Structures are given as structure tokens and as C-alpha cells.
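Data file: input.cif. Format and content: mmCIF, N, CA and C atoms.
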data_entry
#
loop_
_atom_site.label_atom_id
_atom_site.label_comp_id
_atom_site.auth_asym_id
_atom_site.auth_seq_id
_atom_site.Cartn_x
_atom_site.Cartn_y
_atom_site.Cartn_z
N MET A 1 31.88 77.65 73.75
CA MET A 1 31.00 78.66 74.27
C MET A 1 30.52 79.51 73.10
N GLU A 2 29.28 79.84 73.07
CA GLU A 2 28.71 80.68 72.01
C GLU A 2 28.40 82.07 72.54
N VAL A 3 28.86 83.09 71.83
CA VAL A 3 28.58 84.48 72.18
C VAL A 3 28.44 85.26 70.87
N THR A 4 27.95 86.48 70.98
CA THR A 4 27.94 87.34 69.80
C THR A 4 29.32 87.97 69.68
N LEU A 5 29.68 88.34 68.49
CA LEU A 5 31.04 88.81 68.20
C LEU A 5 31.42 90.06 69.00
N ASP A 6 30.46 90.88 69.36
CA ASP A 6 30.76 92.06 70.16
C ASP A 6 31.22 91.69 71.58
N ARG A 7 30.94 90.47 72.02
CA ARG A 7 31.30 90.03 73.37
C ARG A 7 32.48 89.05 73.38
N LEU A 8 33.02 88.75 72.22
CA LEU A 8 34.16 87.84 72.15
C LEU A 8 35.37 88.51 72.80
N PRO A 9 36.03 87.81 73.74
CA PRO A 9 37.22 88.40 74.37
C PRO A 9 38.31 88.67 73.33
N GLN A 10 39.01 89.75 73.54
CA GLN A 10 40.08 90.16 72.62
C GLN A 10 41.18 89.10 72.57
N GLY A 11 41.60 88.76 71.35
CA GLY A 11 42.70 87.83 71.14
C GLY A 11 42.32 86.36 71.13
N ILE A 12 41.05 86.04 71.30
CA ILE A 12 40.59 84.65 71.33
C ILE A 12 40.08 84.26 69.95
N PRO A 13 40.60 83.17 69.36
CA PRO A 13 40.08 82.72 68.06
C PRO A 13 38.68 82.12 68.21
N ALA A 14 37.85 82.39 67.24
CA ALA A 14 36.48 81.88 67.24
C ALA A 14 36.07 81.54 65.81
N THR A 15 34.94 80.86 65.69
CA THR A 15 34.38 80.49 64.39
C THR A 15 32.99 81.10 64.27
N VAL A 16 32.72 81.75 63.15
CA VAL A 16 31.40 82.34 62.91
C VAL A 16 30.39 81.21 62.72
N LEU A 17 29.28 81.29 63.45
CA LEU A 17 28.21 80.30 63.34
C LEU A 17 27.04 80.81 62.51
N GLN A 18 26.69 82.08 62.73
CA GLN A 18 25.47 82.60 62.10
C GLN A 18 25.50 84.12 62.02
N LEU A 19 24.94 84.67 60.96
CA LEU A 19 24.75 86.10 60.82
C LEU A 19 23.27 86.39 60.98
N SER A 20 22.93 87.21 61.97
CA SER A 20 21.53 87.57 62.21
C SER A 20 21.38 89.08 62.24
N CYS A 21 22.03 89.74 61.31
CA CYS A 21 22.03 91.20 61.23
C CYS A 21 20.92 91.66 60.29
N LYS A 22 20.78 92.96 60.19
CA LYS A 22 19.88 93.52 59.17
C LYS A 22 20.40 93.08 57.81
N PRO A 23 19.51 92.89 56.84
CA PRO A 23 19.94 92.36 55.54
C PRO A 23 21.08 93.12 54.88
N GLU A 24 21.06 94.46 54.92
CA GLU A 24 22.12 95.21 54.27
C GLU A 24 23.47 95.04 54.98
N LEU A 25 23.45 94.95 56.30
CA LEU A 25 24.69 94.71 57.05
C LEU A 25 25.18 93.28 56.83
N SER A 26 24.28 92.34 56.85
CA SER A 26 24.64 90.95 56.61
C SER A 26 25.29 90.79 55.24
N ARG A 27 24.74 91.44 54.24
CA ARG A 27 25.29 91.38 52.89
C ARG A 27 26.70 91.99 52.85
N ARG A 28 26.88 93.09 53.56
CA ARG A 28 28.20 93.74 53.59
C ARG A 28 29.23 92.85 54.28
N LEU A 29 28.85 92.23 55.38
CA LEU A 29 29.77 91.34 56.09
C LEU A 29 30.13 90.13 55.22
N ARG A 30 29.15 89.62 54.52
CA ARG A 30 29.41 88.50 53.61
C ARG A 30 30.35 88.92 52.48
N ASP A 31 30.20 90.15 51.98
CA ASP A 31 31.10 90.66 50.95
C ASP A 31 32.54 90.73 51.45
N PHE A 32 32.71 91.04 52.73
CA PHE A 32 34.04 91.05 53.35
C PHE A 32 34.59 89.64 53.53
N GLY A 33 33.71 88.63 53.48
CA GLY A 33 34.14 87.24 53.69
C GLY A 33 33.82 86.71 55.07
N LEU A 34 33.07 87.47 55.85
CA LEU A 34 32.68 87.03 57.19
C LEU A 34 31.40 86.21 57.06
N VAL A 35 31.57 84.92 56.83
CA VAL A 35 30.46 84.00 56.61
C VAL A 35 30.58 82.85 57.62
N PRO A 36 29.49 82.08 57.82
CA PRO A 36 29.59 80.94 58.72
C PRO A 36 30.76 80.03 58.35
N GLY A 37 31.51 79.64 59.37
CA GLY A 37 32.69 78.80 59.18
C GLY A 37 33.99 79.57 59.18
N THR A 38 33.91 80.90 59.07
CA THR A 38 35.12 81.73 59.05
C THR A 38 35.74 81.80 60.44
N LYS A 39 37.06 81.67 60.49
CA LYS A 39 37.81 81.86 61.74
C LYS A 39 38.06 83.35 61.91
N VAL A 40 37.80 83.88 63.11
CA VAL A 40 37.92 85.31 63.37
C VAL A 40 38.52 85.54 64.75
N ILE A 41 39.26 86.65 64.87
CA ILE A 41 39.85 87.05 66.15
C ILE A 41 39.57 88.55 66.34
N ALA A 42 39.06 88.93 67.51
CA ALA A 42 38.91 90.35 67.85
C ALA A 42 40.29 90.83 68.30
N ARG A 43 40.98 91.59 67.46
CA ARG A 43 42.35 92.00 67.74
C ARG A 43 42.44 93.22 68.65
N TYR A 44 41.67 94.26 68.35
CA TYR A 44 41.76 95.51 69.10
C TYR A 44 40.36 96.08 69.31
N ARG A 45 40.21 96.83 70.40
CA ARG A 45 38.97 97.57 70.65
C ARG A 45 39.36 99.00 70.99
N SER A 46 38.59 99.94 70.49
CA SER A 46 38.87 101.35 70.80
C SER A 46 38.62 101.58 72.29
N PRO A 47 39.22 102.62 72.88
CA PRO A 47 39.05 102.87 74.31
C PRO A 47 37.59 102.99 74.74
N ASP A 48 36.75 103.55 73.87
CA ASP A 48 35.33 103.68 74.23
C ASP A 48 34.51 102.46 73.82
N LYS A 49 35.18 101.42 73.29
CA LYS A 49 34.57 100.15 72.87
C LYS A 49 33.60 100.32 71.70
N GLY A 50 33.69 101.47 70.99
CA GLY A 50 32.79 101.71 69.87
C GLY A 50 33.20 101.05 68.57
N VAL A 51 34.49 100.69 68.45
CA VAL A 51 35.01 100.08 67.24
C VAL A 51 35.85 98.87 67.62
N THR A 52 35.69 97.80 66.86
CA THR A 52 36.48 96.58 67.06
C THR A 52 37.18 96.22 65.77
N ALA A 53 38.48 95.94 65.88
CA ALA A 53 39.26 95.49 64.72
C ALA A 53 39.25 93.96 64.72
N LEU A 54 38.81 93.38 63.62
CA LEU A 54 38.72 91.92 63.48
C LEU A 54 39.73 91.43 62.48
N GLU A 55 40.35 90.30 62.79
CA GLU A 55 41.25 89.66 61.86
C GLU A 55 40.60 88.39 61.36
N PHE A 56 40.48 88.26 60.05
CA PHE A 56 39.97 87.04 59.43
C PHE A 56 40.39 87.02 57.97
N ARG A 57 40.58 85.81 57.46
CA ARG A 57 40.98 85.61 56.07
C ARG A 57 42.20 86.44 55.66
N GLY A 58 43.16 86.58 56.59
CA GLY A 58 44.41 87.25 56.27
C GLY A 58 44.37 88.76 56.25
N THR A 59 43.32 89.36 56.76
CA THR A 59 43.22 90.82 56.78
C THR A 59 42.62 91.29 58.10
N VAL A 60 42.74 92.57 58.37
CA VAL A 60 42.15 93.17 59.57
C VAL A 60 41.24 94.30 59.11
N ILE A 61 40.01 94.29 59.61
CA ILE A 61 39.08 95.38 59.31
C ILE A 61 38.48 95.86 60.62
N ALA A 62 38.12 97.12 60.68
CA ALA A 62 37.50 97.70 61.86
C ALA A 62 36.02 97.92 61.57
N LEU A 63 35.20 97.48 62.50
CA LEU A 63 33.75 97.64 62.38
C LEU A 63 33.19 98.21 63.67
N ARG A 64 32.04 98.86 63.55
CA ARG A 64 31.37 99.34 64.77
C ARG A 64 30.98 98.15 65.61
N THR A 65 31.31 98.22 66.88
CA THR A 65 31.03 97.11 67.80
C THR A 65 29.54 96.80 67.83
N ARG A 66 28.69 97.82 67.75
CA ARG A 66 27.24 97.57 67.80
C ARG A 66 26.77 96.73 66.61
N ASP A 67 27.49 96.79 65.49
CA ASP A 67 27.11 96.00 64.32
C ASP A 67 27.46 94.54 64.47
N LEU A 68 28.28 94.21 65.45
CA LEU A 68 28.72 92.83 65.64
C LEU A 68 27.78 92.03 66.54
N LYS A 69 26.76 92.67 67.06
CA LYS A 69 25.81 91.99 67.95
C LYS A 69 24.98 90.94 67.23
N GLY A 70 24.94 90.99 65.91
CA GLY A 70 24.17 90.02 65.14
C GLY A 70 25.00 88.88 64.58
N VAL A 71 26.27 88.78 65.02
CA VAL A 71 27.15 87.73 64.52
C VAL A 71 27.43 86.75 65.66
N LEU A 72 26.92 85.55 65.54
CA LEU A 72 27.10 84.52 66.57
C LEU A 72 28.38 83.74 66.27
N VAL A 73 29.24 83.60 67.30
CA VAL A 73 30.49 82.86 67.15
C VAL A 73 30.62 81.81 68.25
N SER A 74 31.49 80.87 68.00
CA SER A 74 31.78 79.82 68.98
C SER A 74 33.28 79.84 69.26
N TRP A 75 33.63 79.76 70.55
CA TRP A 75 35.03 79.71 70.93
C TRP A 75 35.20 78.76 72.11
N LYS A 76 36.43 78.27 72.24
CA LYS A 76 36.71 77.32 73.31
C LYS A 76 37.14 78.07 74.56
N CYS A 77 36.47 77.79 75.64
CA CYS A 77 36.79 78.41 76.92
C CYS A 77 38.02 77.68 77.48
N GLY A 78 39.01 78.42 77.95
CA GLY A 78 40.25 77.83 78.42
C GLY A 78 40.23 77.32 79.85
N ARG A 79 39.08 77.01 80.37
CA ARG A 79 39.00 76.53 81.76
C ARG A 79 38.88 75.06 81.84
#
Please render this file's structure as C-alpha cells.
Amino acid sequence: MEVTLDRLPQGIPATVLQLSCKPELSRRLRDFGLVPGTKVIARYRSPDKGVTALEFRGTVIALRTRDLKGVLVSWKCGR
């Protein structure tokens, strides 16, 4: 199933397919190592859903959830 990273269910592993963010945000995400092919998990979300903590490449970083709308990921639906 393909969704944007802001809609990925918490705790589900996924693979980054594409970055379609603004150029400066895309560059920043790439600097963090969030590139196509990267395995990522949405670990935590703030109560107001404004911030999401992502685990990838052995680290956890928190990003604004709205910034994740431009990151397309693929995950396996457990049904």
C-alpha cells in the first residue's frame, strides 16, 4: 500500500519511494538520510499530531507532521 509518510500508521515499517517536498525540505531530509529505498517507522506522534518521531538508519528524529506529506512510502497491509 502506498501512502504519504504523515499517514503511515504508527509502528508499521515502510520503505521511502519518493520525495516530493519543497526543494529546501527535500535537501534537508536527504541530508538526514531519508532517501528512496530507506526503511522507516513512525514511532511516536505528539497528542496534537503536529510532530512525528521517525526511526530510520539507526536513529530517531522528530519532524513536523505537515512536512511529511511530500514523502511517499510503501508498506505491507496486514490483511
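Against this structure, the PyMOL selection byres ((chain A and resi 16-19) around 6.5) ends up with Ala14, Thr15, Ser20, Cys21, Ser26, Val35, Pro36, Gly37, Thr38, Lys39, Val40, Gly70, Val71, Leu72, Val73 and Ser74 of chain A.
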What is the atom C of Leu25 (chain A) to atom C of Asp67 (chain A) distance in Å?
8.1 Å
Find the residues around region 51-59 of chain A up to 8 Å (only N, CA and C atoms counted), leave out those fewer than 6 positions away in its own chain, and share them as a PDB file with N, CA and C atoms, in the frame of the given file.
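Everything below was put into selection-v9.pdb:
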ATOM      1  N   ASP A   6      30.460  90.880  69.360  1.00  0.00           N
ATOM      2  CA  ASP A   6      30.760  92.060  70.160  1.00  0.00           C
ATOM      3  C   ASP A   6      31.220  91.690  71.580  1.00  0.00           C
ATOM      4  N   PHE A  32      32.710  91.040  52.730  1.00  0.00           N
ATOM      5  CA  PHE A  32      34.040  91.050  53.350  1.00  0.00           C
ATOM      6  C   PHE A  32      34.590  89.640  53.530  1.00  0.00           C
ATOM      7  N   GLY A  33      33.710  88.630  53.480  1.00  0.00           N
ATOM      8  CA  GLY A  33      34.140  87.240  53.690  1.00  0.00           C
ATOM      9  C   GLY A  33      33.820  86.710  55.070  1.00  0.00           C
ATOM     10  N   LEU A  34      33.070  87.470  55.850  1.00  0.00           N
ATOM     11  CA  LEU A  34      32.680  87.030  57.190  1.00  0.00           C
ATOM     12  C   LEU A  34      31.400  86.210  57.060  1.00  0.00           C
ATOM     13  N   THR A  38      33.910  80.900  59.070  1.00  0.00           N
ATOM     14  CA  THR A  38      35.120  81.730  59.050  1.00  0.00           C
ATOM     15  C   THR A  38      35.740  81.800  60.440  1.00  0.00           C
ATOM     16  N   LYS A  39      37.060  81.670  60.490  1.00  0.00           N
ATOM     17  CA  LYS A  39      37.810  81.860  61.740  1.00  0.00           C
ATOM     18  C   LYS A  39      38.060  83.350  61.910  1.00  0.00           C
ATOM     19  N   VAL A  40      37.800  83.880  63.110  1.00  0.00           N
ATOM     20  CA  VAL A  40      37.920  85.310  63.370  1.00  0.00           C
ATOM     21  C   VAL A  40      38.520  85.540  64.750  1.00  0.00           C
ATOM     22  N   ILE A  41      39.260  86.650  64.870  1.00  0.00           N
ATOM     23  CA  ILE A  41      39.850  87.050  66.150  1.00  0.00           C
ATOM     24  C   ILE A  41      39.570  88.550  66.340  1.00  0.00           C
ATOM     25  N   ALA A  42      39.060  88.930  67.510  1.00  0.00           N
ATOM     26  CA  ALA A  42      38.910  90.350  67.850  1.00  0.00           C
ATOM     27  C   ALA A  42      40.290  90.830  68.300  1.00  0.00           C
ATOM     28  N   ARG A  43      40.980  91.590  67.460  1.00  0.00           N
ATOM     29  CA  ARG A  43      42.350  92.000  67.740  1.00  0.00           C
ATOM     30  C   ARG A  43      42.440  93.220  68.650  1.00  0.00           C
ATOM     31  N   TYR A  44      41.670  94.260  68.350  1.00  0.00           N
ATOM     32  CA  TYR A  44      41.760  95.510  69.100  1.00  0.00           C
ATOM     33  C   TYR A  44      40.360  96.080  69.310  1.00  0.00           C
ATOM     34  N   ARG A  45      40.210  96.830  70.400  1.00  0.00           N
ATOM     35  CA  ARG A  45      38.970  97.570  70.650  1.00  0.00           C
ATOM     36  C   ARG A  45      39.360  99.000  70.990  1.00  0.00           C
ATOM     37  N   THR A  65      31.310  98.220  66.880  1.00  0.00           N
ATOM     38  CA  THR A  65      31.030  97.110  67.800  1.00  0.00           C
ATOM     39  C   THR A  65      29.540  96.800  67.830  1.00  0.00           C
ATOM     40  N   ARG A  66      28.690  97.820  67.750  1.00  0.00           N
ATOM     41  CA  ARG A  66      27.240  97.570  67.800  1.00  0.00           C
ATOM     42  C   ARG A  66      26.770  96.730  66.610  1.00  0.00           C
TER      43      ARG A  66
END
Which of chain A counts as strand (DSSP E or B) under DSSP, as a PyMOL selection string please?
chain A and resi 2-4+13-19+39-45+51-56+59-64+71-74
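Counting from atom C of Ile12 (chain A), the distance to atom C of Leu63 (chain A) is 16.8 Å.
Across the structure, CA of Arg64 (chain A) and CA of Leu29 (chain A) are spaced 11.9 Å apart.
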Using DSSP on the backbone, list every residue of chain A that comes out as alpha helix (DSSP H), and give them as a VMD selection string.
chain A and resid 23 to 32
